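Asker: Got a file for you: query-v9.cif, mmCIF, C-alpha atoms and all ligand atoms.
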```
data_input
#
loop_
_atom_site.label_atom_id
_atom_site.label_comp_id
_atom_site.auth_asym_id
_atom_site.auth_seq_id
_atom_site.Cartn_x
_atom_site.Cartn_y
_atom_site.Cartn_z
CA MET A 1 49.66 -25.77 61.01
CA LYS A 2 48.05 -28.77 62.62
CA THR A 3 46.25 -26.68 65.21
CA ASN A 4 45.04 -24.45 62.48
CA ARG A 5 43.60 -27.31 60.54
CA ILE A 6 41.79 -28.70 63.59
CA GLY A 7 40.54 -25.23 64.27
CA LEU A 8 39.18 -25.06 60.75
CA VAL A 9 37.57 -28.48 61.03
CA ALA A 10 35.96 -27.50 64.32
CA ALA A 11 34.71 -24.26 62.84
CA ALA A 12 33.35 -26.11 59.83
CA ALA A 13 31.56 -28.58 62.10
CA VAL A 14 29.93 -25.75 64.02
CA LEU A 15 28.87 -24.14 60.77
CA ALA A 16 27.43 -27.40 59.51
CA LEU A 17 25.49 -27.90 62.72
CA THR A 18 24.15 -24.37 62.58
CA ALA A 19 23.20 -24.78 58.96
CA SER A 20 21.40 -28.05 59.52
CA ALA A 21 19.60 -26.64 62.55
CA CYS A 22 18.41 -23.72 60.45
CA GLY A 23 17.47 -26.10 57.68
CA SER A 24 15.30 -28.25 59.87
CA ASP A 25 13.69 -25.18 61.44
CA ASP A 26 12.81 -23.87 58.02
CA GLY A 27 11.43 -27.20 56.97
CA GLY A 28 9.29 -27.43 60.08
CA SER A 29 7.77 -23.97 59.92
CA GLY A 30 7.44 -23.91 56.17
CA GLY A 31 5.51 -27.13 55.78
CA GLY A 32 8.69 -28.74 54.42
CA ASP A 33 7.93 -31.19 51.73
CA THR A 34 5.35 -29.20 49.81
CA GLY A 35 8.24 -27.14 48.46
CA GLY A 36 10.19 -30.16 47.35
CA GLY A 37 8.21 -31.15 44.33
CA ASN A 38 8.04 -27.87 42.49
CA GLY A 39 11.18 -28.49 40.50
CA GLY A 40 11.63 -24.75 40.19
CA GLY A 41 14.23 -24.19 42.89
CA ASP A 42 13.72 -22.48 46.21
CA SER A 43 12.08 -19.32 45.01
CA ILE A 44 9.88 -18.14 42.19
CA LYS A 45 10.05 -14.81 40.39
CA ILE A 46 6.66 -13.35 39.64
CA GLY A 47 6.03 -10.22 37.58
CA ILE A 48 3.36 -7.79 38.81
CA LYS A 49 2.54 -4.12 38.44
CA PHE A 50 3.98 -1.92 41.19
CA ASP A 51 1.76 1.14 40.69
CA GLN A 52 -1.80 -0.08 40.15
CA PRO A 53 -3.85 0.19 43.38
CA GLY A 54 -6.22 -2.74 43.90
CA LEU A 55 -4.32 -4.88 41.36
CA GLY A 56 -0.57 -4.76 41.92
CA LEU A 57 0.84 -2.16 44.28
CA LYS A 58 4.20 -1.94 46.01
CA GLN A 59 4.41 0.18 49.15
CA GLY A 60 7.76 -0.31 50.83
CA ASN A 61 8.06 -4.07 51.23
CA ASP A 62 4.29 -4.56 51.03
CA TYR A 63 2.70 -5.95 47.90
CA THR A 64 -1.08 -5.80 47.58
CA GLY A 65 -3.85 -6.20 45.04
CA MET A 66 -5.96 -8.76 43.26
CA ASP A 67 -3.09 -9.88 41.04
CA VAL A 68 -0.86 -10.27 44.10
CA ASP A 69 -3.47 -12.41 45.87
CA MET A 70 -4.04 -14.53 42.77
CA ALA A 71 -0.26 -14.97 42.41
CA LYS A 72 0.19 -15.97 46.07
CA TYR A 73 -2.55 -18.59 45.77
CA VAL A 74 -1.24 -20.07 42.53
CA ALA A 75 2.36 -20.06 43.80
CA GLY A 76 1.15 -21.87 46.93
CA GLU A 77 -0.44 -24.55 44.76
CA LEU A 78 2.86 -24.92 42.91
CA GLY A 79 4.61 -25.50 46.25
CA TYR A 80 6.02 -22.04 46.98
CA GLU A 81 5.51 -20.38 50.34
CA GLU A 82 4.77 -16.65 50.26
CA ASP A 83 8.28 -15.77 51.38
CA ALA A 84 9.68 -17.75 48.45
CA ILE A 85 8.11 -15.29 46.00
CA GLU A 86 10.35 -12.64 44.52
CA TRP A 87 8.19 -9.84 43.15
CA VAL A 88 9.48 -8.23 39.96
CA GLN A 89 8.05 -5.08 38.37
CA ALA A 90 6.49 -5.92 35.01
CA PRO A 91 5.58 -2.76 33.04
CA SER A 92 3.18 -3.38 30.15
CA ALA A 93 5.76 -3.14 27.36
CA GLN A 94 8.27 -5.45 29.05
CA ARG A 95 6.11 -8.45 29.92
CA GLU A 96 6.85 -10.73 26.95
CA ASN A 97 10.56 -9.98 27.28
CA LEU A 98 10.63 -10.67 31.04
CA ILE A 99 9.16 -14.10 30.38
CA SER A 100 11.13 -15.10 27.30
CA THR A 101 14.46 -14.12 28.90
CA GLY A 102 13.61 -16.07 32.07
CA GLN A 103 13.67 -13.03 34.36
CA VAL A 104 10.29 -14.13 35.72
CA GLN A 105 8.51 -17.48 35.69
CA LEU A 106 4.98 -16.10 35.91
CA ILE A 107 3.28 -12.77 35.28
CA PHE A 108 0.10 -11.58 37.00
CA ALA A 109 -0.15 -8.00 35.76
CA THR A 110 -3.53 -7.11 34.24
CA TYR A 111 -2.11 -9.02 31.28
CA SER A 112 -4.66 -9.55 28.52
CA ILE A 113 -4.52 -12.77 26.52
CA THR A 114 -4.03 -11.87 22.84
CA ASP A 115 -3.02 -13.83 19.75
CA GLU A 116 -0.14 -11.46 19.11
CA ARG A 117 1.32 -12.01 22.59
CA LYS A 118 0.78 -15.75 22.24
CA GLU A 119 3.46 -15.74 19.54
CA LYS A 120 6.02 -14.98 22.27
CA VAL A 121 4.55 -16.34 25.52
CA SER A 122 1.86 -18.75 26.70
CA PHE A 123 -1.03 -17.94 29.01
CA ALA A 124 -2.98 -19.82 31.64
CA GLY A 125 -6.47 -18.46 32.18
CA PRO A 126 -8.33 -16.20 31.88
CA TYR A 127 -8.71 -15.70 35.63
CA PHE A 128 -10.56 -12.37 35.26
CA VAL A 129 -12.42 -10.43 32.59
CA ALA A 130 -12.22 -6.62 32.50
CA GLY A 131 -13.12 -4.00 29.87
CA GLN A 132 -11.43 -0.91 28.47
CA ASP A 133 -12.86 2.38 29.71
CA LEU A 134 -11.94 6.04 30.18
CA LEU A 135 -10.92 8.06 33.22
CA VAL A 136 -11.55 11.82 33.11
CA ARG A 137 -11.56 14.78 35.48
CA ALA A 138 -14.70 14.78 37.63
CA ASP A 139 -15.94 18.10 36.20
CA ASP A 140 -15.57 17.03 32.55
CA SER A 141 -18.86 16.12 30.91
CA SER A 142 -17.60 16.36 27.32
CA ILE A 143 -16.05 12.87 27.22
CA THR A 144 -18.64 10.12 27.37
CA GLY A 145 -17.02 7.36 25.30
CA PRO A 146 -14.44 6.67 22.59
CA ASP A 147 -16.49 8.53 19.97
CA THR A 148 -16.14 11.80 21.91
CA LEU A 149 -12.33 11.82 21.91
CA ASP A 150 -11.78 13.85 18.73
CA GLY A 151 -9.49 16.76 19.48
CA LYS A 152 -8.89 15.55 23.04
CA LYS A 153 -5.54 14.66 24.53
CA LEU A 154 -5.57 11.04 25.60
CA CYS A 155 -3.05 9.09 27.64
CA SER A 156 -2.25 5.39 27.73
CA VAL A 157 0.70 3.05 28.14
CA THR A 158 3.21 1.72 25.60
CA GLY A 159 2.76 -1.96 24.79
CA SER A 160 -0.80 -2.14 26.16
CA THR A 161 -3.89 -3.37 24.35
CA SER A 162 -5.51 -0.12 25.51
CA ALA A 163 -3.21 2.11 23.43
CA GLN A 164 -3.52 -0.18 20.41
CA LYS A 165 -7.30 -0.36 20.59
CA VAL A 166 -7.82 3.38 20.80
CA LYS A 167 -5.40 3.98 17.90
CA ASP A 168 -7.40 1.50 15.80
CA GLN A 169 -10.79 2.79 16.86
CA VAL A 170 -10.17 6.55 16.96
CA PRO A 171 -7.55 7.22 14.26
CA GLY A 172 -7.58 10.99 14.80
CA VAL A 173 -6.89 10.75 18.50
CA ASN A 174 -4.06 12.74 20.06
CA LEU A 175 -2.47 9.94 22.07
CA GLN A 176 0.35 10.35 24.56
CA GLU A 177 1.97 7.05 25.58
CA PHE A 178 3.81 6.71 28.87
CA GLY A 179 5.52 3.72 30.51
CA THR A 180 3.03 3.39 33.36
CA TYR A 181 -0.57 4.33 34.09
CA SER A 182 0.35 6.30 37.21
CA GLU A 183 2.22 8.74 34.95
CA CYS A 184 -1.00 9.18 32.96
CA VAL A 185 -2.97 9.86 36.15
CA ALA A 186 -0.49 12.55 37.14
CA ALA A 187 -0.86 14.14 33.69
CA LEU A 188 -4.65 13.97 33.94
CA VAL A 189 -4.92 15.74 37.30
CA SER A 190 -2.46 18.43 36.17
CA ASN A 191 -4.44 19.09 32.93
CA GLY A 192 -1.63 17.73 30.74
CA VAL A 193 -4.08 15.30 29.15
CA ASP A 194 -7.89 15.12 29.09
CA ALA A 195 -8.40 11.39 29.61
CA LEU A 196 -6.68 8.14 30.42
CA THR A 197 -7.75 4.92 28.76
CA THR A 198 -7.17 1.39 29.99
CA ASP A 199 -9.04 -1.39 31.82
CA ASP A 200 -11.93 -0.37 34.08
CA THR A 201 -10.31 -2.29 36.98
CA ILE A 202 -7.19 -0.12 36.84
CA LEU A 203 -9.16 3.11 36.44
CA ALA A 204 -11.44 2.28 39.40
CA GLY A 205 -8.34 1.70 41.53
CA TYR A 206 -6.95 5.16 40.79
CA ALA A 207 -10.29 6.96 41.09
CA SER A 208 -10.79 5.54 44.60
CA GLN A 209 -7.43 6.76 45.93
CA PRO A 210 -8.02 9.30 48.73
CA GLN A 211 -5.82 11.90 47.05
CA TYR A 212 -8.01 11.87 43.92
CA GLU A 213 -11.35 11.90 45.71
CA GLY A 214 -13.76 14.20 43.89
CA LYS A 215 -11.17 14.87 41.18
CA LEU A 216 -11.54 11.90 38.83
CA LYS A 217 -14.34 9.76 37.45
CA VAL A 218 -14.56 6.59 35.38
CA VAL A 219 -16.81 7.15 32.33
CA GLY A 220 -18.38 3.68 32.68
CA GLN A 221 -18.78 2.67 29.02
CA THR A 222 -16.52 -0.29 28.36
CA PHE A 223 -15.51 -0.89 24.76
CA SER A 224 -13.41 -4.06 24.81
CA GLU A 225 -13.07 -7.40 26.56
CA GLU A 226 -9.78 -7.87 28.41
CA ARG A 227 -9.23 -11.47 29.47
CA TYR A 228 -6.48 -11.51 32.10
CA GLY A 229 -4.12 -14.44 31.79
CA VAL A 230 -1.10 -15.65 33.71
CA GLY A 231 1.89 -15.18 31.43
CA LEU A 232 4.41 -18.02 31.31
CA LYS A 233 7.13 -19.43 29.10
CA LYS A 234 5.93 -20.23 25.60
CA ASP A 235 4.77 -23.82 25.17
CA ASP A 236 5.35 -24.85 28.81
CA THR A 237 2.15 -26.88 28.77
CA GLU A 238 2.90 -28.57 32.08
CA LEU A 239 3.24 -25.26 33.94
CA CYS A 240 0.19 -23.93 32.12
CA GLN A 241 -1.83 -26.92 33.32
CA GLN A 242 -0.64 -26.53 36.93
CA VAL A 243 -1.57 -22.84 36.92
CA THR A 244 -4.93 -23.60 35.30
CA ASP A 245 -5.70 -26.22 37.96
CA ALA A 246 -4.83 -23.67 40.64
CA ILE A 247 -7.09 -21.02 39.07
CA ASN A 248 -9.98 -23.50 38.94
CA LYS A 249 -9.42 -24.46 42.57
CA MET A 250 -9.28 -20.82 43.57
CA ILE A 251 -12.64 -20.16 41.92
CA GLU A 252 -14.22 -23.28 43.45
CA ASP A 253 -13.08 -22.77 47.04
CA GLY A 254 -14.17 -19.12 47.27
CA SER A 255 -10.65 -17.64 47.29
CA TRP A 256 -11.20 -16.01 43.90
CA GLN A 257 -14.28 -14.14 45.16
CA LYS A 258 -12.41 -13.09 48.30
CA ALA A 259 -9.46 -11.77 46.27
CA VAL A 260 -11.86 -9.77 44.12
CA ASP A 261 -13.90 -8.40 47.04
CA ASP A 262 -10.87 -7.57 49.21
CA ASN A 263 -9.10 -5.65 46.46
CA LEU A 264 -11.61 -4.29 43.96
CA GLY A 265 -14.54 -4.01 46.38
CA LYS A 266 -12.82 -1.07 48.09
CA ALA A 267 -12.90 0.81 44.79
CA GLY A 268 -16.62 0.08 44.43
CA TYR A 269 -15.86 -2.15 41.45
CA THR A 270 -18.13 -5.08 40.68
CA PRO A 271 -16.90 -7.63 38.14
CA GLY A 272 -18.85 -7.58 34.89
CA ALA A 273 -20.25 -10.36 32.71
CA GLY A 274 -17.99 -13.33 32.16
CA ASN A 275 -16.74 -13.47 35.77
CA PRO A 276 -15.56 -15.71 37.17
CA PRO A 277 -14.31 -17.00 33.82
CA THR A 278 -13.62 -20.56 32.75
CA PRO A 279 -9.90 -20.89 31.93
CA ASP A 280 -9.00 -21.96 28.37
CA ALA A 281 -7.45 -25.34 27.73
CA CYS A 282 -3.63 -25.40 27.69
CA SER A 283 -2.26 -26.52 24.38
N1 LIG B 1 -5.03 -5.41 30.02
C1 LIG B 1 -4.39 -4.54 29.10
C2 LIG B 1 -3.08 -5.10 28.57
O1 LIG B 1 -2.71 -6.16 28.90
C3 LIG B 1 -4.16 -3.15 29.65
C4 LIG B 1 -3.57 -3.12 31.03
C5 LIG B 1 -2.07 -3.20 31.07
O2 LIG B 1 -1.40 -2.56 30.24
O3 LIG B 1 -1.57 -3.89 31.95
O4 LIG B 1 -2.40 -4.49 27.80
#
```
Is it possible to give me this structure as structure tokens?

Answerer:
Amino acid sequence: MKTNRIGLVAAAAVLALTASACGSDDGGSGGGDTGGGNGGGDSIKIGIKFDQPGLGLKQGNDYTGMDVDMAKYVAGELGYEEDAIEWVQAPSAQRENLISTGQVQLIFATYSITDERKEKVSFAGPYFVAGQDLLVRADDSSITGPDTLDGKKLCSVTGSTSAQKVKDQVPGVNLQEFGTYSECVAALVSNGVDALTTDDTILAGYASQPQYEGKLKVVGQTFSEERYGVGLKKDDTELCQQVTDAINKMIEDGSWQKAVDDNLGKAGYTPGAGNPPTPDACS
């Protein structure tokens, strides 16, 4: 009995020593105190797209894209090392819910700031301005803009501004809504639909994928303004301000331009008017 207890105490002491050694190692290599003031615990859950090349793409344990780079920078400013970020898939229709239920703290997912969404979540930003466009098969010259979609089969994603806009603008359109844009791309190359509509950034990313080379083209006539914001809990003005400060810093120190060039440059995409944007005030 006694021996056992001593044994347990000794084992506990060894464990404690090991734990504290690990702790101090972590602190040393991780820059230690920067993480202490974030008030958000040891890790942060960030929602991104998993299937949008150049923006948010998951390949194995690798996460790449402009939204990923923006998220890493902002998280760093909030005191989170890269390995403290837990990436969560945030499909278009689930973004408000992921935030309001606390499943993610931030969303960087080609997420347009709209008044309707602002009823459920708050946004910091914009940090980028894109525009809605069309992706068609490379040999299709019949679709040149939204006014040429009559009688065509169009694809977009549930819960996106893209689907809503095209329903409003082209009432007669034959619209198929999927859960992700990559499903639309698959339908487009297999002749299941004639066009895919969403932001030009997303379309450029798909069109530049090696497997679609020569098969797809972006029409190049944007018909909306999509102001990408960082989604966060409704009315968390403090967090909004911290994210806004980080976005401003990112633009000023050249990291914004680098994130854009590194990720969208490959697709031959050049940001249009309004970039880099000036973030709105948090209220
Ligand atoms: N930016 C648009 C939106 O937030 C379309 C892209 C997307 O669905 O992520 O709805």

Asker: Can you tell me which residues come within 9 Å of ligand LIG 1 (chain B) when counting all atoms listed in the file, ideally as a ChimeraX atom specification?

Answerer: /A:49,90-93,109-114,130-132,156-164,180-181,197-199,202,225-229

Asker: Hey, which of A:Val173, A:Gly79, A:Val136, A:Ala207 ends up closest to Ser190 of chain A? Count only C-alpha atoms.

Answerer: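 Residue with the minimum atom-to-atom distance to Ser190 of chain A: A:Val136.
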
Asker: Name all residues at most 10 Å from segment 70-75 of chain A (count only C-alpha atoms; drop same-chain ones fewer than 5 positions away) and give them as a PyMOL selection string.

Answerer: chain A and resi 38+43-48+55+65+80-85+87+106-109+127+230+242-247+249-250+255-256+259-260

Asker: Between A:Leu188, A:Leu154, A:Gln94, A:Ala124, which is the closest to Ala138 of chain A once you count only C-alpha atoms?

Answerer: A:Leu188

Asker: Using only C-alpha atoms, which of A:Thr101, A:Ser208, A:Asn248, A:Thr201 sits nearest Pro271 of chain A?

Answerer: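 Counting only C-alpha atoms, the residue closest to Pro271 of chain A is A:Thr201.
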
Asker: Please determine, counting only C-alpha atoms, which residue among A:Val104, A:Cys240, A:Cys155, A:Ala273 has the shortest atom-to-atom distance to Gly125 of chain A.

Answerer: A:Cys240

Asker: Rank nothing, just name the residue among A:Gly60, A:Gln211, A:Leu196, A:Leu98 nearest to Glu183 of chain A, using all atoms listed in the file.

Answerer: A:Leu196

Asker: What separation in Å, quoted to one decimal, exists between atom CA of Glu252 of chain A and atom CA of Ser122 of chain A?

Answerer: 23.7 Å
